[in-house]
Structures are given as C-alpha cells and as structure tokens.
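Taking it in order: structure first as structure tokens, then the write-up.
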Amino acid sequence: MRETVSFGLAFLVALAAVPLLVRYALGRNLLDVPNDRSSHEVPTPRLGGPAIIVATWVGFAAARLSDVWPLLVAATLIGVVGLADDLRGLHFGTKALAQLLAAAGLLLYDPPQLLARADGLLAAAVFVVGVLWVSALSNAFNFMDGIDGITGGVAISSAFFLHALSGGAGAFLPALAGAAAGFLVWNVSPASTFCGDAGSYFLGFALAAVTLYAPVPGDVWSPIGSVACALVFTPYLFDTAYTLLRRLLAGKNVFSAHREHVYQRITPSTALHRRTSNLYYGASVLSGFAALLFARGGGTAVAGIALAAAVCCVLAALPSLKVFSS
C-alpha cells in the first residue's frame, strides 16, 4: 500500500509540474535547438528533469523512508549539476568530476556491505569500481536520452525490476518510477519536453547507486546480486559500450558528439521515435527477466545470461536489417 501511494503521488506531482516547467522554459527560451546531431526537428524545452527529481522526493517523503536518504541526496546533487548544464552549459569534464565526487562521497558516508567489510587493496578496488560504475551508468542514461520517450520508459522498467532485486536499498524506487511515468506522459513522441541532463543524470545515478547496496540473494551482499542488478540495464550498457567500441576501432574521437548509437541508427526520422522507444522498452523488460533468472542461481542463472546475451545480439543486428535502416 505504501509503495502504491508513493508511486501514485510521485506520478501526479510530475504530471502537474512538467507543464509549469515547459511554460517557464518557453518564456525564457530555454530550448533544445536542433542541430546536425539532433534526433528532433522542433526547438523543445529541456527542463523536465526538475519535475522528476521533485516528484521522486515527494513520493519518498510520503512513504516515510529514512535509510536511503543519502543515496537520494547524492543523486539529487548530480541532478542539480545536470540542471546547471541545461541552463548554462558545462564542460563534460566538470560534469564527470561532479559525478565521481558525488559517488565517492556517497560510498564514504554510507559504505555498502562489501566495502564496509573489505580492507586494504580490496577495499580500494571496490571503492574505485563502485565510483566508476555509478558514473558510467549516469552517463549511459544521458547518452541514450536522445529520442522521445526512451529514457522515461526504460527508467520505469529498470526501477520495477531493480525494486524486486534490491530489498530495502530500493525502497524509493516506486517513487522514482512514478515520477518517470508522470514525466513520460509529456515526453512520448511528439515530446512536449525533454528531461535534459538534470533528469537523465538523476535517474542514472540513483538507479546505479541502488545496485551497490542490493542484498540479493537474502540479506547479505553477494556477487550474484550485483551481476543480477547490472543485467537490468543491459540495453543501455550494451548500446553505449558497443557504440564506443565501434568508434574506437574506427579511429574516431570517443568523446565527441555523434549519432552512432544503435537507437539513433535505427531512427532516421522523428516519425520513428515511438517505434524505437518501444523496442527499447521491450529489451529492458527482457533484461529485467534475465536479471530475475540470474538472481536465482544454478541453471536459471545460465538462462538469464543467455537471455541478456540474446538482447545484445538483437540490438547489434537491428541497424543491418532493412526495415530499420530506412
């Protein structure tokens, strides 16, 4: 019941807040103007992110949660950095440094079980990997947020499956899913607004951080739990890593802006935004089931890995299929 209230209240707050932010953005010309790398054709407000953040906090407060507030605070700080970029523009290095510092601060203030129990070189390795993981998924969500509806829907699916895997660490995820759903109403193609860096960084950071505290299976940390949680994000992780690898092998600058992600290559026009977003929703749901299978261990873990691998293979093949190349 508490989770339902948290979801519903966050949904309503985001649903009501987005039009207000759109009006504010239009009045101050805070628009994402299309360029050669854009997937949209009309200048569009990019201030949906603050609605997601505020709505998540309202749902969080309604559920009377307390243990996970450091995680939500760290994610909000990154959302604020993203908002600064949406409003004025920040160098990528500045944003990356902020992500690393926020992730490091979170792990130092509230260490997950593995980090708390480790010492010496192992503790240092766990700390570095954890910080890099949170930063990597934050950027993956940002890189993938390039067409109408894609990130809002994927975030809802990811939050749903991650909530089933993460125990108390994911207690705020119903609120996050509700906020993303309320925003998505205004973001489906043709979008009235984008979530911008504020929304994509907040969603990616919050979801990534939950995986570090997830106790699957049981109430203690295990490698199975961490891998299962990571599998939830298979579509975004694969698309991002696959694209960067292709560009690296082609001798291109992996840090420069481009239109070479799988989702961009199969979306040659704005009329196809909804089709591509729906494909990624489906891939996200399949990846969620792969994560649940893997979390059970044994033979089902193999089935989970096979399902996640199949999702990757299908995504890699899509641009070569005639129906998706024109």
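Labeling convention for the structure tokens: chains A, B, ... as they appear, residues from 1 per chain, ligands from 1 in order of appearance.
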Non-local contacts of Gly59 of chain A (12 Å; only C-alpha atoms; under 5 positions in same chain excluded) as an MDAnalysis selection string: chainID A and resid 2:14 52:54 64:65 72 171:180
Cut-off 9 Å: closest segment 147-241 of chain A/segment 80-86 of chain A atom pairs per residue, using only C-alpha atoms, as a Markdown table:
```
| residue | atom | partner | partner_atom | distance |
| --- | --- | --- | --- | --- |
| A:Gly196 | CA | A:Asp86 | CA | 6.3 |
| A:Asp197 | CA | A:Gly82 | CA | 4.4 |
| A:Ala198 | CA | A:Gly82 | CA | 3.9 |
| A:Gly199 | CA | A:Gly82 | CA | 7.5 |
| A:Ser200 | CA | A:Gly82 | CA | 8.1 |
| A:Tyr201 | CA | A:Gly82 | CA | 6.5 |
| A:Phe202 | CA | A:Gly82 | CA | 8.0 |
```
Create the file for the chosen residues now, containing C-alpha atoms and written as a tab-separated table (two decimals), in the first residue's frame.
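Once everything was written out, this is out.tsv:
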```tsv
chain	number	residue	atom	x	y	z
A	196	GLY	CA	17.66	17.13	-20.06
A	197	ASP	CA	20.87	16.38	-18.21
A	198	ALA	CA	19.13	17.03	-14.89
A	199	GLY	CA	16.70	14.16	-15.39
A	200	SER	CA	18.97	11.68	-17.14
A	201	TYR	CA	21.82	12.11	-14.66
A	202	PHE	CA	19.46	11.87	-11.69
```
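Residue nearest Ala75 of chain A, chosen from A:Pro190, A:Gly204, A:Gly297, A:Pro112 and counting only C-alpha atoms: A:Gly204.
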Interface rows for segment 39-91 of chain A against segment 124-145 of chain A: nearest pair, Å to one decimal, 12 Å, only C-alpha atoms, as a Markdown table:
```
| residue | atom | partner | partner_atom | distance |
| --- | --- | --- | --- | --- |
| A:Ser39 | CA | A:Asp145 | CA | 10.3 |
| A:His40 | CA | A:Asp145 | CA | 11.8 |
| A:Arg46 | CA | A:Asp145 | CA | 11.4 |
| A:Gly49 | CA | A:Asn142 | CA | 11.6 |
| A:Leu71 | CA | A:Val134 | CA | 11.3 |
| A:Ala74 | CA | A:Val134 | CA | 10.9 |
| A:Ala75 | CA | A:Ser138 | CA | 9.5 |
| A:Ile78 | CA | A:Ser138 | CA | 9.1 |
| A:Gly79 | CA | A:Ser138 | CA | 10.1 |
| A:Gly82 | CA | A:Asn142 | CA | 9.7 |
```
DSSP alpha helix (DSSP H) residues within segment 12-130 of chain A, as a PyMOL selection string: chain A and resi 12-27+49-62+69-87+92-109+113-117+120-130
Export C-alpha atoms of the chosen residues as a PDB file, in the first residue's frame?
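File result_12.pdb, as written:
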```pdb
ATOM      1  CA  LEU A  12       0.700  13.153 -10.035  1.00  0.00           C
ATOM      2  CA  VAL A  13       3.353  15.641  -8.945  1.00  0.00           C
ATOM      3  CA  ALA A  14       5.438  15.064 -12.077  1.00  0.00           C
ATOM      4  CA  LEU A  15       2.353  15.131 -14.284  1.00  0.00           C
ATOM      5  CA  ALA A  16       1.363  18.525 -12.885  1.00  0.00           C
ATOM      6  CA  ALA A  17       4.857  20.012 -12.651  1.00  0.00           C
ATOM      7  CA  VAL A  18       6.041  19.354 -16.209  1.00  0.00           C
ATOM      8  CA  PRO A  19       3.610  21.818 -17.896  1.00  0.00           C
ATOM      9  CA  LEU A  20       4.684  24.528 -15.462  1.00  0.00           C
ATOM     10  CA  LEU A  21       8.321  23.919 -16.311  1.00  0.00           C
ATOM     11  CA  VAL A  22       7.528  23.885 -20.023  1.00  0.00           C
ATOM     12  CA  ARG A  23       5.852  27.275 -19.706  1.00  0.00           C
ATOM     13  CA  TYR A  24       8.845  28.598 -17.763  1.00  0.00           C
ATOM     14  CA  ALA A  25      11.287  27.280 -20.359  1.00  0.00           C
ATOM     15  CA  LEU A  26       9.331  28.719 -23.272  1.00  0.00           C
ATOM     16  CA  GLY A  27       9.154  32.104 -21.579  1.00  0.00           C
ATOM     17  CA  GLY A  49      14.335  16.840 -15.107  1.00  0.00           C
ATOM     18  CA  PRO A  50      13.442  19.008 -12.096  1.00  0.00           C
ATOM     19  CA  ALA A  51       9.904  17.603 -12.176  1.00  0.00           C
ATOM     20  CA  ILE A  52      11.298  14.065 -11.944  1.00  0.00           C
ATOM     21  CA  ILE A  53      13.563  14.995  -9.038  1.00  0.00           C
ATOM     22  CA  VAL A  54      10.942  16.883  -7.021  1.00  0.00           C
ATOM     23  CA  ALA A  55       8.275  14.246  -7.641  1.00  0.00           C
ATOM     24  CA  THR A  56      10.632  11.476  -6.506  1.00  0.00           C
ATOM     25  CA  TRP A  57      11.307  13.343  -3.265  1.00  0.00           C
ATOM     26  CA  VAL A  58       7.581  13.848  -2.664  1.00  0.00           C
ATOM     27  CA  GLY A  59       6.925  10.143  -3.167  1.00  0.00           C
ATOM     28  CA  PHE A  60       9.901   9.328  -0.971  1.00  0.00           C
ATOM     29  CA  ALA A  61       8.570  11.564   1.830  1.00  0.00           C
ATOM     30  CA  ALA A  62       5.071  10.106   1.527  1.00  0.00           C
ATOM     31  CA  TRP A  69      18.172   9.291   2.009  1.00  0.00           C
ATOM     32  CA  PRO A  70      21.975   9.596   1.433  1.00  0.00           C
ATOM     33  CA  LEU A  71      21.586   7.860  -1.922  1.00  0.00           C
ATOM     34  CA  LEU A  72      18.774  10.163  -2.977  1.00  0.00           C
ATOM     35  CA  VAL A  73      20.698  13.243  -1.827  1.00  0.00           C
ATOM     36  CA  ALA A  74      23.740  12.250  -3.907  1.00  0.00           C
ATOM     37  CA  ALA A  75      21.548  11.622  -6.966  1.00  0.00           C
ATOM     38  CA  THR A  76      19.873  14.988  -6.474  1.00  0.00           C
ATOM     39  CA  LEU A  77      23.223  16.770  -6.335  1.00  0.00           C
ATOM     40  CA  ILE A  78      24.088  15.268  -9.714  1.00  0.00           C
ATOM     41  CA  GLY A  79      20.676  16.288 -10.976  1.00  0.00           C
ATOM     42  CA  VAL A  80      21.449  19.862  -9.934  1.00  0.00           C
ATOM     43  CA  VAL A  81      24.754  19.711 -11.825  1.00  0.00           C
ATOM     44  CA  GLY A  82      22.802  18.482 -14.835  1.00  0.00           C
ATOM     45  CA  LEU A  83      20.346  21.352 -14.428  1.00  0.00           C
ATOM     46  CA  ALA A  84      23.233  23.820 -14.458  1.00  0.00           C
ATOM     47  CA  ASP A  85      24.314  22.288 -17.756  1.00  0.00           C
ATOM     48  CA  ASP A  86      20.766  22.533 -19.128  1.00  0.00           C
ATOM     49  CA  LEU A  87      20.604  26.218 -18.199  1.00  0.00           C
ATOM     50  CA  PHE A  92      31.958  17.470 -19.883  1.00  0.00           C
ATOM     51  CA  GLY A  93      34.974  17.254 -17.560  1.00  0.00           C
ATOM     52  CA  THR A  94      33.192  19.351 -14.952  1.00  0.00           C
ATOM     53  CA  LYS A  95      30.151  17.101 -15.024  1.00  0.00           C
ATOM     54  CA  ALA A  96      32.263  13.936 -14.902  1.00  0.00           C
ATOM     55  CA  LEU A  97      34.218  15.240 -11.921  1.00  0.00           C
ATOM     56  CA  ALA A  98      30.979  16.083 -10.102  1.00  0.00           C
ATOM     57  CA  GLN A  99      29.675  12.568 -10.717  1.00  0.00           C
ATOM     58  CA  LEU A 100      32.852  10.974  -9.390  1.00  0.00           C
ATOM     59  CA  LEU A 101      32.884  13.190  -6.309  1.00  0.00           C
ATOM     60  CA  ALA A 102      29.208  12.567  -5.547  1.00  0.00           C
ATOM     61  CA  ALA A 103      29.624   8.822  -5.936  1.00  0.00           C
ATOM     62  CA  ALA A 104      32.781   8.839  -3.802  1.00  0.00           C
ATOM     63  CA  GLY A 105      31.077  10.918  -1.128  1.00  0.00           C
ATOM     64  CA  LEU A 106      28.120   8.535  -1.025  1.00  0.00           C
ATOM     65  CA  LEU A 107      30.330   5.440  -0.647  1.00  0.00           C
ATOM     66  CA  LEU A 108      32.432   7.074   2.040  1.00  0.00           C
ATOM     67  CA  TYR A 109      29.455   8.368   4.021  1.00  0.00           C
ATOM     68  CA  GLN A 113      28.278  -4.082   2.721  1.00  0.00           C
ATOM     69  CA  LEU A 114      31.154  -5.261   0.542  1.00  0.00           C
ATOM     70  CA  LEU A 115      33.084  -2.025   1.026  1.00  0.00           C
ATOM     71  CA  ALA A 116      32.389  -1.931   4.775  1.00  0.00           C
ATOM     72  CA  ARG A 117      33.724  -5.460   5.238  1.00  0.00           C
ATOM     73  CA  GLY A 120      43.422  -2.840   2.205  1.00  0.00           C
ATOM     74  CA  LEU A 121      43.691  -3.218  -1.570  1.00  0.00           C
ATOM     75  CA  LEU A 122      40.337  -4.963  -1.828  1.00  0.00           C
ATOM     76  CA  ALA A 123      38.581  -2.022  -0.213  1.00  0.00           C
ATOM     77  CA  ALA A 124      40.350   0.393  -2.550  1.00  0.00           C
ATOM     78  CA  ALA A 125      39.413  -1.712  -5.582  1.00  0.00           C
ATOM     79  CA  VAL A 126      35.772  -1.961  -4.511  1.00  0.00           C
ATOM     80  CA  PHE A 127      35.646   1.781  -3.909  1.00  0.00           C
ATOM     81  CA  VAL A 128      37.099   2.652  -7.337  1.00  0.00           C
ATOM     82  CA  VAL A 129      34.893   0.187  -9.193  1.00  0.00           C
ATOM     83  CA  GLY A 130      31.813   1.427  -7.358  1.00  0.00           C
TER      84      GLY A 130
END
```
Residue contacts of Val232 of chain A (12 Å, only C-alpha atoms) excluding same-chain residues fewer than 6 positions away, as a ChimeraX atom specification: /A:137,154-166,207-208,210-211,225-226,238,281,283-295,304-305,307-308,311
Shortest interatomic distance to Ser277 of chain A - which of A:Leu184, A:Val42, A:Ala206, A:Leu245, counting only C-alpha atoms: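 Counting only C-alpha atoms, the residue closest to Ser277 of chain A is A:Leu184.
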